>>> print(open('upload.txt').read())   # compact mmCIF, C-alpha atoms
# COMPACT_ATOMS: atom_id res chain seq x y z
CA MET A 268 -16.33 2.47 28.14
CA SER A 269 -19.01 4.91 27.05
CA SER A 270 -18.22 8.19 25.35
CA VAL A 271 -19.24 11.62 26.50
CA PRO A 272 -22.61 12.50 24.92
CA SER A 273 -22.56 14.96 22.05
CA VAL A 274 -23.14 18.56 22.97
CA PRO A 275 -26.09 20.32 21.31
CA ARG A 276 -25.43 23.31 19.08
CA SER A 277 -27.23 25.60 21.53
CA VAL A 278 -24.72 24.67 24.24
CA THR A 279 -21.81 25.28 21.88
CA LEU A 280 -23.27 28.68 20.93
CA ALA A 281 -23.86 29.56 24.60
CA VAL A 282 -20.25 28.76 25.44
CA ARG A 283 -19.03 30.76 22.45
CA GLY A 284 -21.25 33.65 23.55
CA ALA A 285 -19.79 33.52 27.05
CA TRP A 286 -16.28 33.62 25.60
CA ALA A 287 -17.33 36.48 23.31
CA LEU A 288 -18.35 38.37 26.44
CA VAL A 289 -14.88 37.76 27.86
CA GLY A 290 -13.52 39.25 24.62
CA VAL A 291 -15.78 42.29 24.98
CA ILE A 292 -14.55 42.80 28.54
CA GLY A 293 -10.97 42.53 27.31
CA LEU A 294 -11.72 45.10 24.62
CA THR A 295 -13.20 47.37 27.27
CA VAL A 296 -10.02 47.14 29.35
CA VAL A 297 -7.91 48.06 26.31
CA LEU A 298 -10.25 50.96 25.49
CA MET A 299 -10.03 52.17 29.08
CA ALA A 300 -6.26 52.32 28.75
CA VAL A 301 -6.49 54.15 25.42
CA PHE A 302 -9.22 56.59 26.50
CA TYR A 303 -8.20 56.93 30.14
CA ASP A 304 -8.44 60.74 30.18
CA GLU A 305 -11.99 60.57 28.80
CA VAL A 306 -12.97 57.97 31.42
CA VAL A 307 -11.58 60.14 34.23
CA GLY A 308 -13.32 63.16 32.67
CA SER A 309 -16.61 61.26 32.68
CA TRP A 310 -16.11 60.50 36.36
CA ALA A 311 -15.20 64.13 37.09
CA ASN A 312 -18.36 65.39 35.34
CA ARG A 313 -20.45 63.82 38.10
CA HIS A 314 -18.57 65.58 40.93
CA ASP A 315 -18.90 69.34 41.30
CA GLY A 316 -15.42 70.35 42.40
CA ALA A 317 -13.76 67.70 40.29
CA ARG A 318 -15.59 68.90 37.17
CA GLN A 319 -14.03 72.36 37.41
CA ALA A 320 -10.58 71.03 38.32
CA PHE A 321 -10.62 68.59 35.39
CA ALA A 322 -11.83 71.30 33.00
CA GLN A 323 -8.93 73.54 34.04
CA GLY A 324 -6.11 71.02 33.93
CA GLY A 325 -7.16 67.44 33.18
CA ARG A 326 -5.86 64.74 35.48
CA GLU A 327 -3.09 67.06 36.68
CA GLY A 328 -5.74 69.64 37.59
CA LEU A 329 -7.58 67.02 39.62
CA ALA A 330 -4.37 66.17 41.50
CA ARG A 331 -3.60 69.84 42.19
CA ALA A 332 -7.12 70.33 43.55
CA GLY A 333 -6.75 67.32 45.84
CA PHE A 334 -9.05 64.95 43.95
CA VAL A 335 -8.08 61.34 43.44
CA ALA A 336 -9.93 59.71 40.57
CA PRO A 337 -10.79 56.04 41.02
CA HIS A 338 -8.30 53.59 39.54
CA PHE A 339 -10.46 52.08 36.83
CA LEU A 340 -7.87 49.95 35.03
CA PRO A 341 -6.89 47.59 37.88
CA VAL A 342 -10.55 46.97 38.67
CA ALA A 343 -11.41 46.32 35.02
CA ALA A 344 -8.40 44.02 34.54
CA THR A 345 -9.35 42.06 37.67
CA MET A 346 -12.93 41.71 36.43
CA PHE A 347 -11.61 40.45 33.10
CA VAL A 348 -9.61 37.71 34.83
CA VAL A 349 -12.47 36.78 37.19
CA VAL A 350 -15.06 36.56 34.39
CA ALA A 351 -12.66 34.55 32.20
CA MET A 352 -12.07 32.04 34.99
CA LEU A 353 -15.79 31.78 35.76
CA VAL A 354 -16.62 31.20 32.10
CA TRP A 355 -13.91 28.58 31.84
CA VAL A 356 -15.18 26.58 34.83
CA LEU A 357 -18.90 27.00 34.17
CA ALA A 358 -18.55 26.18 30.46
CA VAL A 359 -16.85 22.89 31.29
CA PHE A 360 -19.69 21.88 33.56
CA LEU A 361 -22.35 23.04 31.12
CA ARG A 362 -20.78 20.91 28.39
CA LEU A 363 -20.83 17.94 30.79
CA GLY A 364 -24.54 18.50 31.38
CA TYR A 365 -24.58 19.98 34.87
CA ARG A 366 -27.54 22.25 35.48
CA TRP A 367 -25.52 24.56 37.72
CA GLY A 368 -23.20 25.29 34.78
CA GLN A 369 -26.24 26.58 32.91
CA ILE A 370 -27.56 28.52 35.91
CA GLY A 371 -24.13 29.94 36.73
CA LEU A 372 -23.56 31.18 33.19
CA SER A 373 -27.08 32.61 33.11
CA ALA A 374 -26.45 34.50 36.35
CA LEU A 375 -23.13 35.76 35.00
CA MET A 376 -24.81 37.00 31.80
CA ILE A 377 -27.57 38.75 33.75
CA CYS A 378 -25.08 40.42 36.11
CA CYS A 379 -22.93 41.52 33.18
CA GLY A 380 -26.06 42.85 31.48
CA TYR A 381 -26.81 44.96 34.55
CA VAL A 382 -23.22 46.25 34.58
CA SER A 383 -23.40 46.99 30.84
CA ILE A 384 -26.48 49.12 31.36
CA ALA A 385 -25.15 50.84 34.49
CA LEU A 386 -21.65 51.60 33.25
CA GLY A 387 -22.37 51.88 29.54
CA VAL A 388 -25.53 53.94 29.55
CA VAL A 389 -26.57 55.34 32.94
CA LEU A 390 -23.19 56.83 33.87
CA GLU A 391 -22.86 58.54 30.48
CA PRO A 392 -19.36 57.34 29.55
CA PRO A 393 -17.54 58.36 26.37
CA LEU A 394 -19.40 57.28 23.23
CA VAL A 395 -17.06 54.38 22.40
CA PHE A 396 -18.04 52.72 25.70
CA VAL A 397 -21.72 53.12 24.91
CA ALA A 398 -21.13 51.22 21.66
CA VAL A 399 -19.25 48.49 23.53
CA ALA A 400 -22.07 48.30 26.10
CA VAL A 401 -24.65 47.82 23.35
CA ALA A 402 -22.51 45.08 21.77
CA SER A 403 -22.13 43.49 25.19
CA LEU A 404 -25.89 43.53 25.75
CA LEU A 405 -26.41 41.79 22.41
CA VAL A 406 -23.87 39.09 23.27
CA GLU A 407 -25.38 38.61 26.72
CA GLY A 408 -28.90 38.39 25.32
CA VAL A 409 -28.00 35.83 22.64
CA THR A 410 -26.07 33.79 25.20
CA VAL A 411 -29.01 33.72 27.62
CA VAL A 412 -31.34 32.63 24.81
CA CYS A 413 -28.95 29.79 23.94
CA LEU A 414 -28.60 28.82 27.60
CA TRP A 415 -32.37 28.40 27.91
CA HIS A 416 -32.97 26.85 24.48
CA ARG A 417 -34.92 23.59 24.61
CA ASP A 418 -31.90 21.61 23.36
CA THR A 419 -29.79 23.03 26.18
CA LEU A 420 -32.54 22.22 28.67
CA ALA A 421 -32.64 18.65 27.39
CA HIS A 422 -28.84 18.43 27.62
CA VAL A 423 -28.69 19.57 31.24
CA ALA A 424 -31.60 17.32 32.19
CA GLY A 425 -29.43 14.45 31.00
CA PRO A 426 -29.79 10.70 31.23
CA TRP A 427 -29.03 10.54 34.98
CA LEU A 428 -32.58 11.64 35.78
CA ASP A 429 -33.84 8.12 35.13
CA GLY A 430 -33.41 7.32 38.83
CA SER A 431 -30.08 5.56 38.52
CA ALA A 432 -27.75 6.67 41.30
CA ASP A 433 -24.81 4.93 39.62
CA GLN A 434 -24.28 7.47 36.86
CA THR A 435 -23.45 11.10 37.49
CA PRO A 436 -23.17 13.75 34.80
CA GLY A 437 -19.91 13.54 32.96
CA SER A 438 -18.89 10.19 34.38
CA VAL A 439 -17.59 7.66 31.94
CA GLU A 440 -17.98 4.57 34.06
CA GLY A 441 -20.18 3.64 37.00
CA PRO A 442 -19.00 4.09 40.56
CA THR A 443 -15.62 2.70 41.47
CA GLU A 444 -14.84 0.58 44.47
CA HIS A 445 -12.12 1.65 46.85
CA SER A 446 -10.30 -1.01 48.79
CA ALA A 447 -10.03 -0.45 52.51
>>> encode(input="upload.txt", output="C-alpha cells")
Amino acid sequence: MSSVPSVPRSVTLAVRGAWALVGVIGLTVVLMAVFYDEVVGSWANRHDGARQAFAQGGREGLARAGFVAPHFLPVAATMFVVVAMLVWVLAVFLRLGYRWGQIGLSALMICCGYVSIALGVVLEPPLVFVAVAVASLLVEGVTVVCLWHRDTLAHVAGPWLDGSADQTPGSVEGPTEHSA
C-alpha cells in the first residue's frame, strides 16, 4: 500500500488562498448586511429617478416612488455558498494532483478578480467595499501565483505521466478486478 504523495508548499498556500477568498466573500456578505442602506444608496445613485427618491427618504422613499432595489443579500449569500463548495471540491482534487483542480481554481480566482474589480471599483460602492475588493484582489493574485508555481506544476504533472495506465492520480493501489 503506497501513501499519498506529499503536497508541495505552493499547493498548500494556493488552497489556503482559495479559502481566504471564501472568507473575504463571507466578510462581504456580513458588510452588506451591516451597510445595506449604503449599498442600496450606491445602486440608487446610478438611476436618475431612484437617486432623487433615495435622497428624499432612503429605502422607504424608493418604495414610495415605486422603485424596487435589487436584493443584494440573497445573491451574495448564494455566491458565498457556491464559491465555498467549488473551493472545497477543487482543492481536494488539486491536492490529489489533478490538473483540472488547478485549472478550476485558477478560473475561479480570475472570475472573482473580475467581479472584485467590477463590483468593488467600477460601480463605486461605499468605501469599505473598495477596501475589501482590494484585499480580495491581493488574495486572488497570490493564489494564482501559487497555483502556477513550478512546484504546483510538477505536482499536477504527477507520476502517472510515465505512460502507465494502471495508476491514476490519487489512487492508492492499481486497478481492481471486478468479478462478473
>>> closest_residue(input="upload.txt", among="A:Val306, A:Ala300, A:Val356, A:Ala320", to="Leu340 (chain A)", atoms="all atoms listed in the file")
A:Ala300
>>> closest_atom_pairs(input="upload.txt", of="region 355-418 of chain A", to="region 273-289 of chain A", cutoff="8 Å", atoms="all atoms listed in the file", output="tab-separated table")
residue	atom	partner	partner_atom	distance
A:Ala358	CA	A:Val282	CA	5.9
A:Leu361	CA	A:Val278	CA	7.5
A:Arg362	CA	A:Val274	CA	6.4
A:Leu372	CA	A:Ala285	CA	7.6
A:Met376	CA	A:Ala285	CA	7.7
A:Ser403	CA	A:Leu288	CA	6.5
A:Val406	CA	A:Gly284	CA	6.0
A:Glu407	CA	A:Leu288	CA	7.0
A:Val409	CA	A:Gly284	CA	7.2
A:Thr410	CA	A:Ala281	CA	4.8
A:Val411	CA	A:Ala281	CA	7.3
A:Cys413	CA	A:Ser277	CA	5.1
A:Leu414	CA	A:Ala281	CA	5.7
A:His416	CA	A:Ser277	CA	6.6
A:Asp418	CA	A:Pro275	CA	6.3
>>> residues_around(input="upload.txt", residues="Ala344 (chain A)", least_positions_apart="6", cutoff="9 Å", atoms="only C-alpha atoms", output="VMD selection string")
chain A and resid 292 to 293 296
>>> closest_residue(input="upload.txt", among="A:Val382, A:Ile370, A:Val335, A:Ala402", to="Thr419 (chain A)", atoms="all atoms listed in the file")
A:Ile370
>>> closest_residue(input="upload.txt", among="A:Ala330, A:Ala317, A:Ala385, A:Met299", to="Val342 (chain A)", atoms="all atoms listed in the file")
A:Met299
>>> axis_aligned_box(input="upload.txt", around="region 329-341 of chain A", padding_each_side="4 Å", output="AutoDock Vina command-line options")
--center_x -7.2 --center_y 59.0 --center_z 40.4 --size_x 15.2 --size_y 30.7 --size_z 18.8
>>> atom_distance(input="upload.txt", atom1="CA of Phe321 (chain A)", atom2="CA of Val307 (chain A)")
8.6 Å
>>> atom_distance(input="upload.txt", atom1="CA of Ser373 (chain A)", atom2="CA of Gly408 (chain A)")
9.9 Å
>>> atom_distance(input="upload.txt", atom1="CA of Leu357 (chain A)", atom2="CA of Val291 (chain A)")
18.1 Å
